[in-house]
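Text of the file entry.txt, holding compact mmCIF, C-alpha atoms:
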```txt
# COMPACT_ATOMS: atom_id res chain seq x y z
CA MET A 1 95.11 84.81 106.18
CA ALA A 2 95.53 88.47 105.34
CA SER A 3 92.54 90.74 105.72
CA ASP A 4 90.91 91.91 102.50
CA PRO A 5 91.57 95.61 101.76
CA VAL A 6 88.94 95.48 99.02
CA PRO A 7 85.50 95.08 100.63
CA GLN A 8 83.79 91.87 99.62
CA GLY A 9 80.20 91.79 98.45
CA CYS A 10 80.96 94.75 96.18
CA LYS A 11 81.40 94.92 92.43
CA THR A 12 84.32 93.13 90.84
CA ALA A 13 87.75 94.59 91.58
CA LEU A 14 90.10 95.42 88.69
CA SER A 15 93.71 94.35 89.21
CA VAL A 16 96.16 95.56 86.56
CA ASN A 17 98.88 93.15 85.48
CA LEU A 18 102.06 95.12 84.70
CA ASN A 19 104.16 92.40 83.08
CA LYS A 20 103.99 93.94 79.60
CA VAL A 21 105.22 97.30 80.90
CA ALA A 22 108.30 95.53 82.24
CA LEU A 23 108.70 93.59 78.99
CA VAL A 24 108.96 96.82 76.97
CA ARG A 25 111.35 98.37 79.52
CA ASN A 26 113.64 95.35 79.35
CA THR A 27 114.32 95.82 75.64
CA ARG A 28 116.64 98.73 76.52
CA HIS A 29 118.76 99.79 79.50
CA LEU A 30 117.09 103.14 80.14
CA GLY A 31 114.60 102.17 82.84
CA ILE A 32 111.63 103.32 80.78
CA PRO A 33 108.74 102.81 80.81
CA SER A 34 108.71 102.75 84.60
CA VAL A 35 106.78 99.89 86.17
CA THR A 36 106.22 101.78 89.42
CA LYS A 37 105.02 104.88 87.55
CA ALA A 38 102.58 102.73 85.62
CA ALA A 39 101.32 101.23 88.88
CA THR A 40 100.90 104.68 90.41
CA LEU A 41 98.91 105.98 87.45
CA CYS A 42 96.68 102.90 87.41
CA LEU A 43 95.99 103.16 91.13
CA GLN A 44 95.27 106.86 90.86
CA ALA A 45 92.81 106.07 88.05
CA GLY A 46 90.90 103.63 90.23
CA ALA A 47 92.51 100.21 89.82
CA ARG A 48 91.80 98.16 92.93
CA GLY A 49 95.02 96.19 92.74
CA ILE A 50 98.31 95.48 91.02
CA THR A 51 99.28 92.04 89.69
CA ILE A 52 102.68 90.80 88.60
CA HIS A 53 103.94 87.41 87.42
CA PRO A 54 107.73 87.29 87.94
CA ARG A 55 108.96 84.33 85.90
CA PRO A 56 112.26 82.56 86.60
CA ASP A 57 113.91 83.96 83.45
CA GLU A 58 112.93 87.57 84.39
CA ARG A 59 111.88 88.30 80.83
CA HIS A 60 109.52 90.96 82.16
CA ILE A 61 109.10 91.53 85.92
CA ARG A 62 112.45 91.42 87.70
CA ARG A 63 113.10 90.78 91.35
CA HIS A 64 113.72 94.45 92.17
CA ASP A 65 110.33 95.32 90.63
CA VAL A 66 108.59 93.13 93.19
CA PHE A 67 110.05 95.00 96.14
CA GLU A 68 109.66 98.45 94.58
CA LEU A 69 106.00 97.75 93.89
CA ALA A 70 105.48 96.33 97.37
CA GLU A 71 106.98 99.53 98.80
CA LEU A 72 104.61 101.56 96.63
CA MET A 73 101.62 99.56 97.84
CA ARG A 74 102.33 100.74 101.39
CA ASP A 75 100.96 104.09 100.24
CA TRP A 76 97.73 102.44 99.05
CA PRO A 77 96.48 100.46 102.06
CA ASP A 78 93.00 100.02 100.56
CA ARG A 79 94.40 98.30 97.41
CA GLU A 80 95.81 94.81 96.86
CA PHE A 81 99.15 93.43 95.72
CA ASN A 82 98.86 90.07 93.93
CA ILE A 83 101.88 88.03 92.87
CA GLU A 84 101.36 85.14 90.45
CA GLY A 85 103.63 82.27 89.63
CA ASN A 86 104.52 78.64 90.07
CA PRO A 87 105.09 77.92 93.78
CA PHE A 88 107.62 75.23 92.85
CA HIS A 89 109.83 77.66 90.92
CA ASN A 90 110.67 81.15 92.21
CA LEU A 91 107.37 82.36 93.68
CA MET A 92 107.74 81.23 97.27
CA ASP A 93 111.29 82.59 97.59
CA ILE A 94 109.99 85.97 96.44
CA ALA A 95 107.01 85.82 98.81
CA ARG A 96 109.26 84.98 101.77
CA ASP A 97 111.53 87.89 100.93
CA VAL A 98 108.62 90.33 100.60
CA ARG A 99 107.28 89.37 104.01
CA ALA A 100 110.77 89.33 105.60
CA ARG A 101 111.06 92.99 104.59
CA GLY A 102 107.71 93.74 106.22
CA LEU A 103 106.11 94.63 102.90
CA PRO A 104 102.46 94.09 101.93
CA LEU A 105 101.41 90.94 100.12
CA HIS A 106 97.68 90.30 99.92
CA GLN A 107 97.35 87.44 97.46
CA LEU A 108 99.49 84.73 95.90
CA THR A 109 98.05 83.17 92.76
CA PHE A 110 99.54 79.75 92.09
CA VAL A 111 99.87 78.96 88.37
CA PRO A 112 101.14 75.59 87.04
CA ASP A 113 103.46 77.03 84.39
CA SER A 114 106.64 75.40 83.17
CA GLU A 115 109.78 77.53 83.56
CA GLY A 116 109.98 78.66 79.95
CA GLN A 117 106.26 78.76 79.21
CA PHE A 118 105.18 81.54 76.85
CA THR A 119 102.00 82.30 78.79
CA SER A 120 99.69 80.55 81.23
CA ASP A 121 97.44 78.09 79.40
CA HIS A 122 95.98 75.60 81.89
CA GLY A 123 95.00 75.20 85.52
CA TRP A 124 95.78 72.82 88.35
CA ALA A 125 94.18 69.37 88.33
CA PHE A 126 92.78 67.34 91.20
CA PRO A 127 93.53 64.90 92.68
CA GLN A 128 96.81 64.86 90.70
CA ASP A 129 98.25 68.09 92.13
CA ALA A 130 96.71 67.93 95.59
CA GLN A 131 99.51 66.40 97.63
CA ARG A 132 102.23 68.77 96.50
CA LEU A 133 100.04 71.87 96.79
CA VAL A 134 99.05 71.36 100.42
CA PRO A 135 102.38 72.39 102.03
CA VAL A 136 102.99 75.44 99.81
CA ILE A 137 99.45 76.69 100.33
CA ALA A 138 99.91 76.32 104.08
CA GLU A 139 103.18 78.25 103.92
CA ALA A 140 101.66 81.03 101.82
CA LYS A 141 98.83 81.45 104.30
CA ALA A 142 101.32 81.45 107.18
CA LEU A 143 103.01 84.38 105.41
CA GLY A 144 99.67 86.21 105.60
CA ALA A 145 98.65 85.87 101.96
CA ARG A 146 95.35 84.77 100.51
CA VAL A 147 95.88 81.86 98.10
CA SER A 148 94.18 81.66 94.71
CA LEU A 149 94.63 78.68 92.40
CA PHE A 150 94.62 79.17 88.63
CA MET A 151 91.96 76.74 87.40
CA ASP A 152 90.18 75.65 84.24
CA PRO A 153 86.39 76.21 84.37
CA ALA A 154 85.66 72.67 85.53
CA PRO A 155 82.97 72.55 88.24
CA GLU A 156 84.01 69.10 89.43
CA GLN A 157 87.50 70.41 90.30
CA MET A 158 86.41 73.05 92.79
CA THR A 159 85.98 70.85 95.85
CA GLY A 160 89.54 69.66 95.32
CA ALA A 161 90.80 73.24 95.26
CA HIS A 162 89.05 73.95 98.54
CA ALA A 163 90.26 70.73 100.14
CA VAL A 164 93.92 71.68 99.73
CA GLY A 165 93.36 74.98 101.54
CA ALA A 166 92.89 77.52 98.74
CA ASP A 167 90.87 80.65 99.49
CA ARG A 168 89.96 81.43 95.89
CA VAL A 169 90.28 80.14 92.36
CA GLU A 170 91.19 82.21 89.32
CA LEU A 171 89.22 80.94 86.35
CA TYR A 172 91.36 80.76 83.20
CA THR A 173 89.30 82.74 80.69
CA GLU A 174 91.17 82.31 77.39
CA PRO A 175 88.63 79.75 76.05
CA TYR A 176 85.85 82.29 76.62
CA ALA A 177 87.86 85.07 74.94
CA ALA A 178 88.65 82.84 71.96
CA ALA A 179 84.93 82.05 71.52
CA TRP A 180 83.83 85.68 71.77
CA VAL A 181 83.20 86.27 68.05
CA TYR A 182 81.08 83.11 67.70
CA PRO A 183 77.71 83.63 69.46
CA ALA A 184 76.85 79.96 69.99
CA ALA A 185 80.33 79.09 71.23
CA ARG A 186 80.36 82.19 73.42
CA ALA A 187 77.11 81.17 75.09
CA GLU A 188 78.43 77.66 75.66
CA GLN A 189 81.62 78.98 77.25
CA LEU A 190 79.74 81.44 79.45
CA GLU A 191 77.64 78.58 80.79
CA ARG A 192 80.81 76.64 81.60
CA TYR A 193 82.17 79.57 83.58
CA ARG A 194 78.85 80.23 85.29
CA ARG A 195 78.67 76.63 86.50
CA ALA A 196 82.32 76.66 87.58
CA ALA A 197 81.84 79.86 89.58
CA LEU A 198 78.74 78.51 91.29
CA ALA A 199 80.57 75.28 92.12
CA ALA A 200 83.52 77.20 93.55
CA GLN A 201 81.27 79.35 95.70
CA ALA A 202 79.33 76.30 96.89
CA ALA A 203 82.65 74.79 97.96
CA GLY A 204 83.48 77.90 99.97
CA LEU A 205 85.87 79.53 97.51
CA GLY A 206 86.05 83.07 96.22
CA VAL A 207 86.26 83.52 92.45
CA ASN A 208 88.75 85.54 90.43
CA ALA A 209 89.12 85.48 86.64
CA GLY A 210 91.74 86.37 84.10
CA HIS A 211 93.44 85.80 80.74
CA ASP A 212 92.55 87.64 77.52
CA LEU A 213 89.70 89.62 79.06
CA ASN A 214 89.30 92.98 77.35
CA ARG A 215 86.93 95.93 76.90
CA ASP A 216 84.78 93.98 74.43
CA ASN A 217 84.20 90.79 76.40
CA LEU A 218 84.50 91.81 80.06
CA THR A 219 81.01 93.17 80.71
CA GLU A 220 79.13 90.15 79.38
CA PHE A 221 81.38 87.81 81.32
CA LEU A 222 80.66 89.59 84.59
CA ARG A 223 76.95 89.82 83.85
CA THR A 224 76.75 86.08 83.32
CA VAL A 225 79.26 84.67 85.79
CA PRO A 226 78.06 85.41 89.33
CA GLY A 227 80.11 86.74 92.20
CA VAL A 228 83.49 87.38 90.56
CA ASP A 229 85.63 89.07 93.20
CA GLU A 230 88.49 90.18 90.95
CA VAL A 231 89.60 90.28 87.34
CA SER A 232 93.31 90.46 86.57
CA ILE A 233 93.95 92.04 83.17
CA GLY A 234 97.31 92.73 81.61
CA HIS A 235 97.97 92.30 77.90
CA ALA A 236 94.81 93.94 76.54
CA LEU A 237 94.82 96.70 79.14
CA ILE A 238 98.44 97.66 78.52
CA ALA A 239 97.86 97.50 74.75
CA ASP A 240 94.91 99.87 75.18
CA ALA A 241 97.04 102.14 77.35
CA LEU A 242 99.49 102.61 74.47
CA GLU A 243 96.67 104.37 72.63
CA LEU A 244 94.55 105.84 75.42
CA GLY A 245 96.99 106.31 78.31
CA TYR A 246 96.83 104.54 81.66
CA VAL A 247 94.24 106.82 83.26
CA ASP A 248 91.68 106.67 80.46
CA THR A 249 92.25 102.94 80.01
CA VAL A 250 91.70 102.04 83.66
CA SER A 251 88.62 104.26 83.67
CA ALA A 252 87.31 102.45 80.58
CA TYR A 253 87.76 99.02 82.19
CA ASN A 254 86.06 100.19 85.36
CA ARG A 255 83.16 101.40 83.23
CA CYS A 256 82.93 97.90 81.74
CA ILE A 257 82.68 96.54 85.27
CA ASP A 258 80.11 99.15 86.25
CA GLN A 259 77.97 98.24 83.24
CA ALA A 260 77.90 94.62 84.33
CA PHE A 261 76.44 95.64 87.69
CA ALA A 262 74.05 98.32 86.38
```
How does this structure look as structure tokens?
Amino acid sequence: MASDPVPQGCKTALSVNLNKVALVRNTRHLGIPSVTKAATLCLQAGARGITIHPRPDERHIRRHDVFELAELMRDWPDREFNIEGNPFHNLMDIARDVRARGLPLHQLTFVPDSEGQFTSDHGWAFPQDAQRLVPVIAEAKALGARVSLFMDPAPEQMTGAHAVGADRVELYTEPYAAAWVYPAARAEQLERYRRAALAAQAAGLGVNAGHDLNRDNLTEFLRTVPGVDEVSIGHALIADALELGYVDTVSAYNRCIDQAFA
């Protein structure tokens, strides 16, 4: 397994998902906005990592983006490069190519999306997915990548995730985000995530989180859910950056994280 550039036992790391930058760029043939420029600005502002999810239809991140970003990450050896996707579609081919070029790849996040899925909306299930995940997890780790499995906040599923060789789980946080404006439902969801995180850690897994986290709901999530190693945030962060700019937006999200640990 790859070593962790981001020291563990510290506050939660912010990884910026750049898919929406690529989505806007792809509406024209001008190469703007630049995905690598966005990554550079986010890293300069204090993001601890960059996340991308290159889907088979290349509707946002394209194959060349992966390698250009991996080249960029060489200049940031204390930051992490995380690639998400379905390991039974295009993800493993991309990962093999990245490593064949000698480029950095710190984490692969396996997501059970269908090829044309609009956005990620559910996690892996055990024991149903166990047998087919074992060989691809082993290959990913042989490539030197940490493996994180995208999971629903179900405590009883965490031992299964560990048994197939995962290093971490990424808790799918859309149900929490959807409940944010309803105090009773929010509290119920936070308890679900707290129990799932504790179960994951008891099983020997690290905990990541992502999907619809934003400046309003991030701090309370991290205050309540213990030991979150990383949050991956894309849509809300890039939407905020349209108004605030990348630097101020990344700073604002890092302040949300700081407040959770104050």
Exercise. When you draw a straight line from atom CA of Val134 of chain A to atom CA of Phe110 of chain A, how long is it in Å?
Worked result: 11.8 Å
Take the point (87.1, 89.8, 93.0) in the file's coordinates, draw a sphere of radius 6 Å around it, and report as a tab-separated table (two decimals) with C-alpha atoms, in the frame of the given file every protein, DNA or RNA residue with an atom inside or on it, counting only C-alpha atoms.
```
chain	number	residue	atom	x	y	z
A	12	THR	CA	84.32	93.13	90.84
A	13	ALA	CA	87.75	94.59	91.58
A	208	ASN	CA	88.75	85.54	90.43
A	228	VAL	CA	83.49	87.38	90.56
A	229	ASP	CA	85.63	89.07	93.20
A	230	GLU	CA	88.49	90.18	90.95
```
For this session: For atom CA of His89 of chain A and atom CA of Ala166 of chain A, quote the distance in Å rounded to one decimal.
Result: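 These two atoms are separated by 18.7 Å.
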For this session: Name all residues at most 8 Å from segment 39-56 of chain A (count all atoms listed in the file; drop same-chain ones fewer than 6 positions away) and give them as a PyMOL selection string.
Result: chain A and resi 6+13-19+62-63+66+69+72+78-85+89-91+115+232+246-248+250-251+254
Exercise. Residues at most 8 Å from Arg215 of chain A, counting only C-alpha atoms, excluding those fewer than 5 positions away in the same chain, as number ranges by chain?
Worked result: A: 252-253, 256
Exercise. Counting all atoms listed in the file, which of A:Asp167, A:Asp129, A:Asp216, A:Glu174 gets nearest to His106 of chain A?
Worked result: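 Looking at the shortest contact to His106 of chain A, the residue is A:Asp167.
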Exercise. Looking at all atoms listed in the file, which of A:Val231, A:Ala241, A:Val207, A:Ala38 is the one that sits closest to Ile257 of chain A?
Worked result: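 Of A:Val231, A:Ala241, A:Val207, A:Ala38, the one nearest Ile257 of chain A is A:Val231, counting all atoms listed in the file.
Note that atom CA of His122 of chain A and atom CA of Pro135 of chain A are 21.4 Å apart.
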Problem set entry | Contacts of Ala262 of chain A at 12 Å (only C-alpha atoms; same-chain gap of 6+ positions) as an MDAnalysis selection string | chainID A and resid 11 219:220 222:223 255:256
Exercise. Which neighbours of Gly206 of chain A fall inside 9 Å, counting all atoms listed in the file, when residues of the same chain fewer than 5 positions from it are skipped, and could you give them as a VMD selection string?
Worked result: chain A and resid 148 167 to 170 197 200 to 201 227 to 229
Problem set entry | Expected residue set, 6 Å radius at (108.0, 95.4, 84.6), only C-alpha atoms, as a ChimeraX atom specification | /A:18-19,21-23,35,60-61
Exercise. Pick the closest to Gly165 of chain A from A:Ala184, A:Ala142, A:Ile238, A:Ala177: which is it, counting all atoms listed in the file?
Worked result: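 Selected residue with least distance to Gly165 of chain A: A:Ala142.
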